[in-house]
$ cat target.cif   # mmCIF, C-alpha atoms and all ligand atoms
data_data
loop_
_atom_site.label_atom_id
_atom_site.label_comp_id
_atom_site.auth_asym_id
_atom_site.auth_seq_id
_atom_site.Cartn_x
_atom_site.Cartn_y
_atom_site.Cartn_z
CA MET A 1 3.89 45.00 -14.36
CA ASN A 2 0.37 46.15 -13.57
CA ASN A 3 -1.81 44.92 -10.70
CA GLN A 4 -3.64 42.46 -12.88
CA SER A 5 -0.53 40.69 -14.17
CA GLN A 6 0.95 40.63 -10.65
CA ASN A 7 -2.20 38.88 -9.54
CA TYR A 8 -1.82 36.42 -12.41
CA SER A 9 1.86 35.85 -11.54
CA ALA A 10 0.98 35.14 -7.90
CA ILE A 11 -1.58 32.48 -8.86
CA ALA A 12 0.84 30.96 -11.39
CA SER A 13 3.73 30.88 -8.90
CA THR A 14 1.62 29.07 -6.30
CA ALA A 15 0.49 26.47 -8.85
CA ILE A 16 4.07 25.90 -10.08
CA GLU A 17 5.50 25.66 -6.54
CA ASP A 18 2.79 23.14 -5.56
CA ALA A 19 3.64 21.02 -8.63
CA PHE A 20 7.38 21.07 -7.83
CA ARG A 21 6.69 20.04 -4.21
CA THR A 22 4.42 17.16 -5.27
CA LEU A 23 6.97 15.96 -7.84
CA LEU A 24 9.96 16.03 -5.48
CA GLU A 25 8.15 14.57 -2.46
CA ASN A 26 5.92 11.92 -4.01
CA LYS A 27 7.12 10.96 -7.47
CA HIS A 28 9.79 8.50 -8.58
CA LEU A 29 12.29 8.69 -11.42
CA TYR A 30 10.70 9.45 -14.84
CA GLN A 31 7.30 10.15 -13.32
CA SER A 32 5.56 13.47 -14.02
CA VAL A 33 3.06 15.93 -12.62
CA GLU A 34 0.96 18.46 -14.50
CA ILE A 35 0.80 22.03 -13.17
CA SER A 36 -2.81 22.56 -12.08
CA THR A 37 -4.72 25.44 -13.66
CA SER A 38 -7.69 25.15 -11.28
CA GLY A 39 -6.43 28.12 -9.20
CA PHE A 40 -7.15 30.42 -12.15
CA ALA A 41 -10.94 29.86 -12.09
CA GLN A 42 -11.83 33.12 -10.28
CA TYR A 43 -9.21 35.10 -12.22
CA ILE A 44 -10.65 33.86 -15.53
CA ASP A 45 -14.21 34.75 -14.44
CA ARG A 46 -13.07 38.23 -13.48
CA GLU A 47 -11.18 38.80 -16.73
CA ALA A 48 -14.13 37.51 -18.78
CA GLN A 49 -16.53 39.78 -16.89
CA LYS A 50 -14.35 42.78 -17.73
CA GLU A 51 -14.33 41.90 -21.43
CA ILE A 52 -18.08 41.32 -21.46
CA SER A 53 -18.65 44.75 -19.91
CA LEU A 54 -16.23 46.32 -22.38
CA GLN A 55 -18.00 44.72 -25.33
CA ALA A 56 -21.37 46.00 -24.07
CA MET A 57 -20.10 49.55 -23.86
CA VAL A 58 -21.16 51.88 -26.65
CA VAL A 59 -18.06 53.63 -27.94
CA PRO A 60 -18.88 57.13 -29.28
CA GLY A 61 -18.15 57.45 -32.97
CA ARG A 62 -17.99 53.71 -33.56
CA SER A 63 -20.94 51.77 -34.85
CA PHE A 64 -21.82 48.46 -33.17
CA ASN A 65 -20.54 45.54 -35.21
CA ALA A 66 -22.55 42.41 -34.37
CA SER A 67 -20.26 40.12 -36.36
CA SER A 68 -17.22 40.90 -34.17
CA SER A 69 -19.04 40.45 -30.87
CA ARG A 70 -18.37 37.20 -29.01
CA SER A 71 -20.71 35.14 -26.87
CA LYS A 72 -20.16 34.97 -23.11
CA GLU A 73 -19.00 31.35 -23.49
CA GLN A 74 -16.52 32.34 -26.21
CA ILE A 75 -15.08 35.12 -24.06
CA LEU A 76 -14.73 32.74 -21.11
CA GLU A 77 -12.99 30.17 -23.32
CA ASP A 78 -10.63 32.82 -24.75
CA CYS A 79 -9.71 34.00 -21.24
CA ARG A 80 -9.10 30.43 -20.11
CA LYS A 81 -6.85 29.74 -23.11
CA LYS A 82 -4.91 32.96 -22.47
CA ALA A 83 -4.32 32.06 -18.82
CA VAL A 84 -3.11 28.53 -19.66
CA GLU A 85 -0.96 29.72 -22.58
CA GLY A 86 0.80 32.16 -20.25
CA LEU A 87 1.63 29.36 -17.85
CA ARG A 88 2.78 27.12 -20.71
CA ASN A 89 5.10 29.56 -22.46
CA VAL A 90 6.67 31.80 -19.82
CA THR A 91 10.11 31.10 -18.32
CA TYR A 92 10.06 29.94 -14.71
CA GLN A 93 12.87 31.39 -12.66
CA MET A 94 13.81 29.93 -9.29
CA LYS A 95 14.33 32.71 -6.78
CA PHE A 96 16.52 32.43 -3.72
CA ASN A 97 16.59 34.90 -0.85
CA GLU A 98 13.70 36.86 -2.36
CA THR A 99 15.73 38.16 -5.30
CA PRO A 100 13.70 40.71 -7.27
CA LEU A 101 11.43 39.28 -9.94
CA GLN A 102 12.44 39.59 -13.55
CA THR A 103 9.68 40.96 -15.71
CA GLU A 104 8.14 38.52 -18.22
CA ASN A 105 9.29 35.56 -16.02
CA PHE A 106 7.50 33.79 -13.18
CA GLY A 107 9.62 33.91 -10.05
CA ILE A 108 9.22 30.66 -8.14
CA SER A 109 10.17 30.31 -4.48
CA VAL A 110 11.81 26.88 -4.32
CA PRO A 111 9.65 24.96 -1.83
CA THR A 112 11.03 23.22 1.25
CA ILE A 113 10.38 19.50 0.83
CA LYS A 114 10.33 16.34 2.91
CA ALA A 115 12.83 13.74 1.66
CA VAL A 116 14.59 10.66 3.01
CA CYS A 117 18.10 11.60 4.20
CA GLN A 118 20.68 8.92 3.35
CA ASN A 119 23.62 10.47 5.18
CA PRO A 120 25.26 7.97 7.55
CA GLY A 121 23.98 8.35 11.11
CA CYS A 122 21.02 10.52 10.06
CA GLY A 123 18.45 8.65 7.96
CA GLY A 124 14.68 9.06 8.00
CA LEU A 125 12.23 11.46 6.48
CA TRP A 126 13.32 15.04 7.22
CA PRO A 127 12.51 18.50 5.86
CA HIS A 128 15.12 19.59 3.32
CA ASN A 129 16.01 23.18 2.38
CA ALA A 130 16.88 24.23 -1.16
CA CYS A 131 20.51 25.23 -1.78
CA PRO A 132 21.18 28.16 -4.16
CA ASP A 133 20.72 26.84 -7.64
CA PRO A 134 22.59 27.72 -10.83
CA SER A 135 19.98 26.15 -13.12
CA TRP A 136 18.58 29.48 -14.28
CA PHE A 137 21.75 29.77 -16.38
CA ILE A 138 20.45 26.95 -18.56
CA PRO A 139 18.57 28.66 -21.40
CA PRO A 140 14.98 27.58 -22.08
CA VAL A 141 14.02 26.04 -25.43
CA SER A 142 10.73 26.65 -27.21
CA MET A 143 8.85 23.43 -28.06
CA ILE A 144 5.43 22.72 -29.56
CA SER A 145 4.22 21.52 -26.15
CA GLY A 146 5.39 24.78 -24.55
CA LEU A 147 8.63 26.10 -23.15
CA GLN A 148 11.21 23.46 -22.18
CA GLN A 149 13.41 24.11 -19.16
CA VAL A 150 15.83 22.06 -17.10
CA PHE A 151 16.27 22.66 -13.37
CA VAL A 152 19.05 21.33 -11.17
CA LEU A 153 17.78 21.50 -7.60
CA ARG A 154 19.94 20.68 -4.60
CA TYR A 155 18.41 20.06 -1.20
CA GLN A 156 20.09 19.82 2.18
CA CYS A 157 18.68 17.91 5.16
CA GLN A 158 17.66 20.28 7.98
CA ALA A 159 18.65 17.70 10.60
CA CYS A 160 22.28 16.90 9.66
CA LYS A 161 23.08 19.67 7.12
CA ARG A 162 25.49 17.33 5.30
CA GLU A 163 25.65 16.05 1.69
CA PRO A 164 22.73 17.47 -0.29
CA VAL A 165 20.47 15.43 -2.54
CA THR A 166 20.27 16.65 -6.15
CA PHE A 167 17.20 16.47 -8.38
CA LEU A 168 17.03 17.04 -12.12
CA VAL A 169 13.62 18.30 -13.25
CA THR A 170 12.62 18.80 -16.89
CA ARG A 171 9.72 21.09 -17.66
CA GLU A 172 7.79 20.91 -20.93
CA GLY A 173 4.99 23.44 -20.97
CA LEU A 174 2.82 22.50 -18.00
CA LYS A 175 4.48 19.12 -17.38
CA LEU A 176 7.24 18.60 -14.82
CA THR A 177 9.20 15.31 -14.97
CA LEU A 178 11.75 13.99 -12.50
CA THR A 179 14.54 13.10 -14.97
CA GLY A 180 17.34 12.44 -12.50
CA ARG A 181 18.38 12.31 -8.88
CA SER A 182 21.55 11.69 -6.88
CA PRO A 183 21.93 9.73 -4.74
CA MET A 184 19.44 7.16 -6.00
CA GLU A 185 16.18 7.23 -4.02
CA ALA A 186 16.15 5.36 -0.73
CA VAL A 187 13.92 2.31 -0.40
CA ASP A 188 12.33 1.66 2.95
CA VAL A 189 12.82 -2.09 3.58
CA PRO A 190 10.69 -3.54 6.42
CA ASN A 191 12.79 -4.92 9.30
CA TYR A 192 11.36 -8.41 8.93
CA VAL A 193 12.82 -8.87 5.40
CA PRO A 194 15.90 -11.11 5.94
CA LYS A 195 19.22 -9.28 5.66
CA PRO A 196 20.89 -11.32 2.86
CA ILE A 197 18.04 -10.61 0.41
CA ARG A 198 17.35 -6.97 1.27
CA LYS A 199 19.53 -5.83 -1.66
CA TYR A 200 17.33 -7.75 -4.13
CA TYR A 201 14.20 -6.27 -2.58
CA LYS A 202 15.63 -2.74 -2.94
CA GLY A 203 16.57 -3.45 -6.57
CA ALA A 204 13.05 -4.72 -7.29
CA VAL A 205 11.38 -1.64 -5.78
CA ILE A 206 13.73 0.78 -7.56
CA ALA A 207 13.04 -0.97 -10.88
CA PHE A 208 9.29 -0.79 -10.20
CA ASN A 209 9.45 2.90 -9.23
CA SER A 210 11.33 3.64 -12.46
CA GLY A 211 8.68 1.89 -14.56
CA ALA A 212 10.80 -1.18 -15.46
CA ILE A 213 8.03 -3.79 -15.10
CA LEU A 214 9.76 -6.96 -16.32
CA PRO A 215 13.06 -6.31 -14.45
CA ASP A 216 11.17 -5.64 -11.21
CA ILE A 217 9.35 -8.99 -11.48
CA PHE A 218 12.67 -10.72 -12.18
CA MET A 219 14.29 -9.11 -9.12
CA LEU A 220 11.35 -10.10 -6.93
CA ARG A 221 11.67 -13.74 -8.02
CA THR A 222 15.45 -13.63 -7.53
CA MET A 223 14.82 -12.41 -4.00
CA ILE A 224 12.64 -15.35 -2.95
CA GLU A 225 14.67 -17.84 -4.99
CA GLN A 226 17.90 -16.86 -3.22
CA TYR A 227 16.16 -16.97 0.15
CA MET A 228 14.68 -20.43 -0.43
CA ARG A 229 17.98 -21.82 -1.78
CA ALA A 230 19.86 -20.56 1.27
CA THR A 231 17.19 -21.96 3.62
CA VAL A 232 17.37 -25.47 2.12
CA ASN A 233 21.19 -25.33 1.76
CA ALA A 234 20.94 -25.86 -2.00
CA GLY A 235 24.55 -24.81 -2.62
CA GLU A 236 25.39 -25.28 -6.30
CA LYS A 237 22.66 -27.89 -6.81
CA LYS A 238 20.34 -27.42 -9.78
CA MET A 239 16.68 -27.47 -8.75
CA THR A 240 13.46 -26.93 -10.65
CA GLY A 241 10.97 -24.39 -9.33
CA ASP A 242 8.78 -27.20 -8.00
CA GLU A 243 11.66 -28.96 -6.24
CA LEU A 244 12.86 -25.75 -4.65
CA THR A 245 9.47 -24.47 -3.44
CA ASP A 246 8.53 -27.94 -2.10
CA ALA A 247 11.86 -28.34 -0.30
CA TYR A 248 11.42 -24.89 1.22
CA ALA A 249 7.84 -25.59 2.32
CA SER A 250 8.94 -28.82 4.02
CA SER A 251 11.58 -26.86 5.97
CA ILE A 252 8.84 -24.81 7.66
CA ASP A 253 6.53 -25.79 10.51
CA PRO A 254 3.39 -27.43 8.98
CA ASP A 255 1.23 -25.18 11.16
CA PHE A 256 2.77 -22.11 9.47
CA ASN A 257 2.17 -23.56 6.01
CA ARG A 258 -1.50 -24.12 6.80
CA ARG A 259 -2.16 -20.67 8.17
CA TYR A 260 0.06 -18.20 6.32
CA GLN A 261 1.04 -17.10 2.83
CA SER A 262 3.22 -19.67 1.06
CA LEU A 263 5.96 -18.70 -1.42
CA LYS A 264 5.12 -21.41 -3.97
CA PRO A 265 2.17 -19.67 -5.70
CA VAL A 266 4.16 -16.43 -5.72
CA TYR A 267 7.12 -18.17 -7.37
CA VAL A 268 4.82 -19.71 -9.98
CA THR A 269 3.09 -16.39 -10.81
CA LEU A 270 6.39 -14.51 -11.11
CA SER A 271 7.97 -17.28 -13.25
CA GLU A 272 4.98 -17.32 -15.62
CA ALA A 273 5.20 -13.51 -15.98
CA ILE A 274 8.93 -13.75 -16.76
CA HIS A 275 8.47 -16.53 -19.34
CA ALA A 276 5.66 -14.60 -21.02
CA ALA A 277 7.82 -11.40 -20.88
CA ILE A 278 4.94 -9.40 -19.38
CA ASP A 279 5.98 -5.76 -19.23
CA ASP A 280 2.67 -3.94 -19.02
CA LYS A 281 1.06 -5.20 -15.81
CA PRO A 282 2.42 -3.34 -12.78
CA GLU A 283 -0.33 -4.93 -10.68
CA ILE A 284 1.52 -8.29 -10.80
CA PHE A 285 4.45 -6.73 -8.97
CA GLU A 286 2.22 -5.00 -6.41
CA GLN A 287 0.18 -8.14 -5.64
CA GLU A 288 3.14 -10.52 -5.38
CA GLN A 289 5.23 -8.00 -3.41
CA ALA A 290 2.41 -7.78 -0.84
CA LYS A 291 2.27 -11.59 -0.58
CA ILE A 292 6.05 -11.87 -0.14
CA LEU A 293 6.05 -9.23 2.59
CA SER A 294 3.14 -10.98 4.29
CA HIS A 295 5.10 -14.27 4.23
CA PHE A 296 8.23 -12.74 5.78
CA GLU A 297 6.29 -10.75 8.36
CA ALA A 298 4.34 -13.83 9.47
CA LYS A 299 7.51 -15.93 9.52
CA GLU A 300 9.37 -13.41 11.67
CA ILE A 301 6.51 -13.26 14.20
CA PHE A 302 6.00 -17.05 14.12
CA GLU A 303 9.68 -17.75 14.80
CA ARG A 304 9.98 -15.03 17.44
CA LEU A 305 6.96 -16.29 19.38
CA ALA A 306 7.64 -20.03 18.93
CA VAL A 307 8.08 -22.04 22.11
CA LYS A 308 11.77 -22.71 22.43
ZN ZN B 401 20.16 14.18 7.41
#
$ encode --input "target.cif" --output "structure tokens" --more "lines below"
Ligand SMILES: [Zn+2]
Amino acid sequence: MNNQSQNYSAIASTAIEDAFRTLLENKHLYQSVEISTSGFAQYIDREAQKEISLQAMVVPGRSFNASSSRSKEQILEDCRKKAVEGLRNVTYQMKFNETPLQTENFGISVPTIKAVCQNPGCGGLWPHNACPDPSWFIPPVSMISGLQQVFVLRYQCQACKREPVTFLVTREGLKLTLTGRSPMEAVDVPNYVPKPIRKYYKGAVIAFNSGAILPDIFMLRTMIEQYMRATVNAGEKKMTGDELTDAYASSIDPDFNRRYQSLKPVYVTLSEAIHAAIDDKPEIFEQEQAKILSHFEAKEIFERLAVK
């Protein structure tokens, strides 16, 4: 490997490592990140400059052929394509303990990441170290979009050093997708969300993070429906949405109803979305989730500070 390609490999490795870190720290199941090629800008300029100089050189014994000469823009574009194609079609190999680089592969240092530890007694967002990974045994496949690779990455919490979390990452050319993880990602539920309905809230957020729009809206409605039914002691009684939300509102201090977010309009919006089978408007979930949280937060404070 000459100096130039080592330089190229170093830029590529940094870009790939950054993409892996972003994917594992910030993205949810089935979400993707694209490996950035912006770090190659100077390299491409340098390579293009070399080719421009080479083209301008008069080679003894060879006549100048104007038809084969390329414009500066064309040379720049060719160099850019070459740099991106390299990144798209070369095998990425995870390296542990600074194992020597294989030629023709990019050796990637598996980044340390921050992840939520779900081990009992630990919990919280901690740095996680990569465990040695056998995924380089899985052979890459050549696709139209670039080389396809699958990585199994295991990470251990630095704080408790117990059960690792495992991520499955699929690479297609420049695209990295989080295609699996175990255990399922942790959902941070605010303390003021009542205990009996926390499981529905978690289910709604996991569905939303996985891109399941209609199921997440359904889970959100189930959450407030179950809460309101329990509050008004509905038992097995059948109630319409109007009856339920009105009964719930009348169970709350009128002062609270006047000043804070009510659950009735939220229930109506979510029910309409379910009946219309809306599965392409994630903003409905985000808006109604914020309103529900605002209701429970206000209610917790209101009840805690109420004169007994
Ligand atoms: Zn831990």
$ closest_residue --input "target.cif" --among "A:Thr37, A:Ser182, A:Thr269, A:Thr240" --to "A:Glu85" --atoms "only C-alpha atoms"
A:Thr37
$ atom_distance --input "target.cif" --atom1 "atom CA of A:Asp18" --atom2 "atom CA of A:Ser36"
8.6 Å
$ closest_residue --input "target.cif" --among "A:Ala48, A:Ile75, A:Ile113, A:Leu125" --to "ligand ZN 401 (chain B)" --atoms "all atoms listed in the file"
A:Leu125
$ residues_near_ligand --input "target.cif" --ligand "ligand ZN 401 (chain B)" --cutoff "7 Å" --atoms "all atoms listed in the file" --output "VMD selection string"
chain A and resid 117 to 119 122 to 123 126 157 to 162
$ axis_aligned_box --input "target.cif" --around "stretch 176-193 of chain A" --padding-each-side "5 Å" --output "AutoDock Vina command-line options"
--center_x 14.6 --center_y 4.9 --center_z -2.8 --size_x 24.7 --size_y 37.5 --size_z 34.3
$ residues_around --input "target.cif" --residues "stretch 294-304 of chain A" --least-positions-apart "3" --cutoff "10 Å" --atoms "only C-alpha atoms" --output "list in words"
Pro190, Asn191, Tyr192, Val193, Pro194, Ile252, Asp253, Asp255, Phe256, Asn257, Arg259, Tyr260, Gln261, Ser262, Leu263, Glu288, Gln289, Ala290, Lys291, Val307 and Lys308 of chain A
$ closest_residue --input "target.cif" --among "A:Leu174, A:Ser251, A:Leu24, A:Cys79" --to "A:Ala130" --atoms "all atoms listed in the file"
A:Leu24
$ atom_distance --input "target.cif" --atom1 "atom CA of A:Ser210" --atom2 "atom CA of A:Arg88"
26.3 Å
$ atom_distance --input "target.cif" --atom1 "atom CA of A:Asp280" --atom2 "atom CA of A:Pro215"
11.6 Å
$ closest_residue --input "target.cif" --among "A:Glu17, A:Glu51, A:Glu25, A:Glu34" --to "A:Leu176" --atoms "all atoms listed in the file"
A:Glu34
$ closest_residue --input "target.cif" --among "A:Glu47, A:Ala19, A:Val110, A:Gly180" --to "A:Lys82" --atoms "all atoms listed in the file"
A:Glu47
$ residues_around --input "target.cif" --residues "A:Pro111" --least-positions-apart "2" --cutoff "12 Å" --atoms "only C-alpha atoms" --output "compact mmCIF listing (two decimals) with C-alpha atoms, in the coordinates of the input"
# COMPACT_ATOMS: atom_id res chain seq x y z
CA SER A 13 3.73 30.88 -8.90
CA THR A 14 1.62 29.07 -6.30
CA ALA A 15 0.49 26.47 -8.85
CA ILE A 16 4.07 25.90 -10.08
CA GLU A 17 5.50 25.66 -6.54
CA ASP A 18 2.79 23.14 -5.56
CA ALA A 19 3.64 21.02 -8.63
CA PHE A 20 7.38 21.07 -7.83
CA ARG A 21 6.69 20.04 -4.21
CA THR A 22 4.42 17.16 -5.27
CA LEU A 23 6.97 15.96 -7.84
CA LEU A 24 9.96 16.03 -5.48
CA GLU A 25 8.15 14.57 -2.46
CA MET A 94 13.81 29.93 -9.29
CA LYS A 95 14.33 32.71 -6.78
CA PHE A 96 16.52 32.43 -3.72
CA ILE A 108 9.22 30.66 -8.14
CA SER A 109 10.17 30.31 -4.48
CA ILE A 113 10.38 19.50 0.83
CA LYS A 114 10.33 16.34 2.91
CA PRO A 127 12.51 18.50 5.86
CA HIS A 128 15.12 19.59 3.32
CA ASN A 129 16.01 23.18 2.38
CA ALA A 130 16.88 24.23 -1.16
CA CYS A 131 20.51 25.23 -1.78
CA LEU A 153 17.78 21.50 -7.60
CA ARG A 154 19.94 20.68 -4.60
CA TYR A 155 18.41 20.06 -1.20
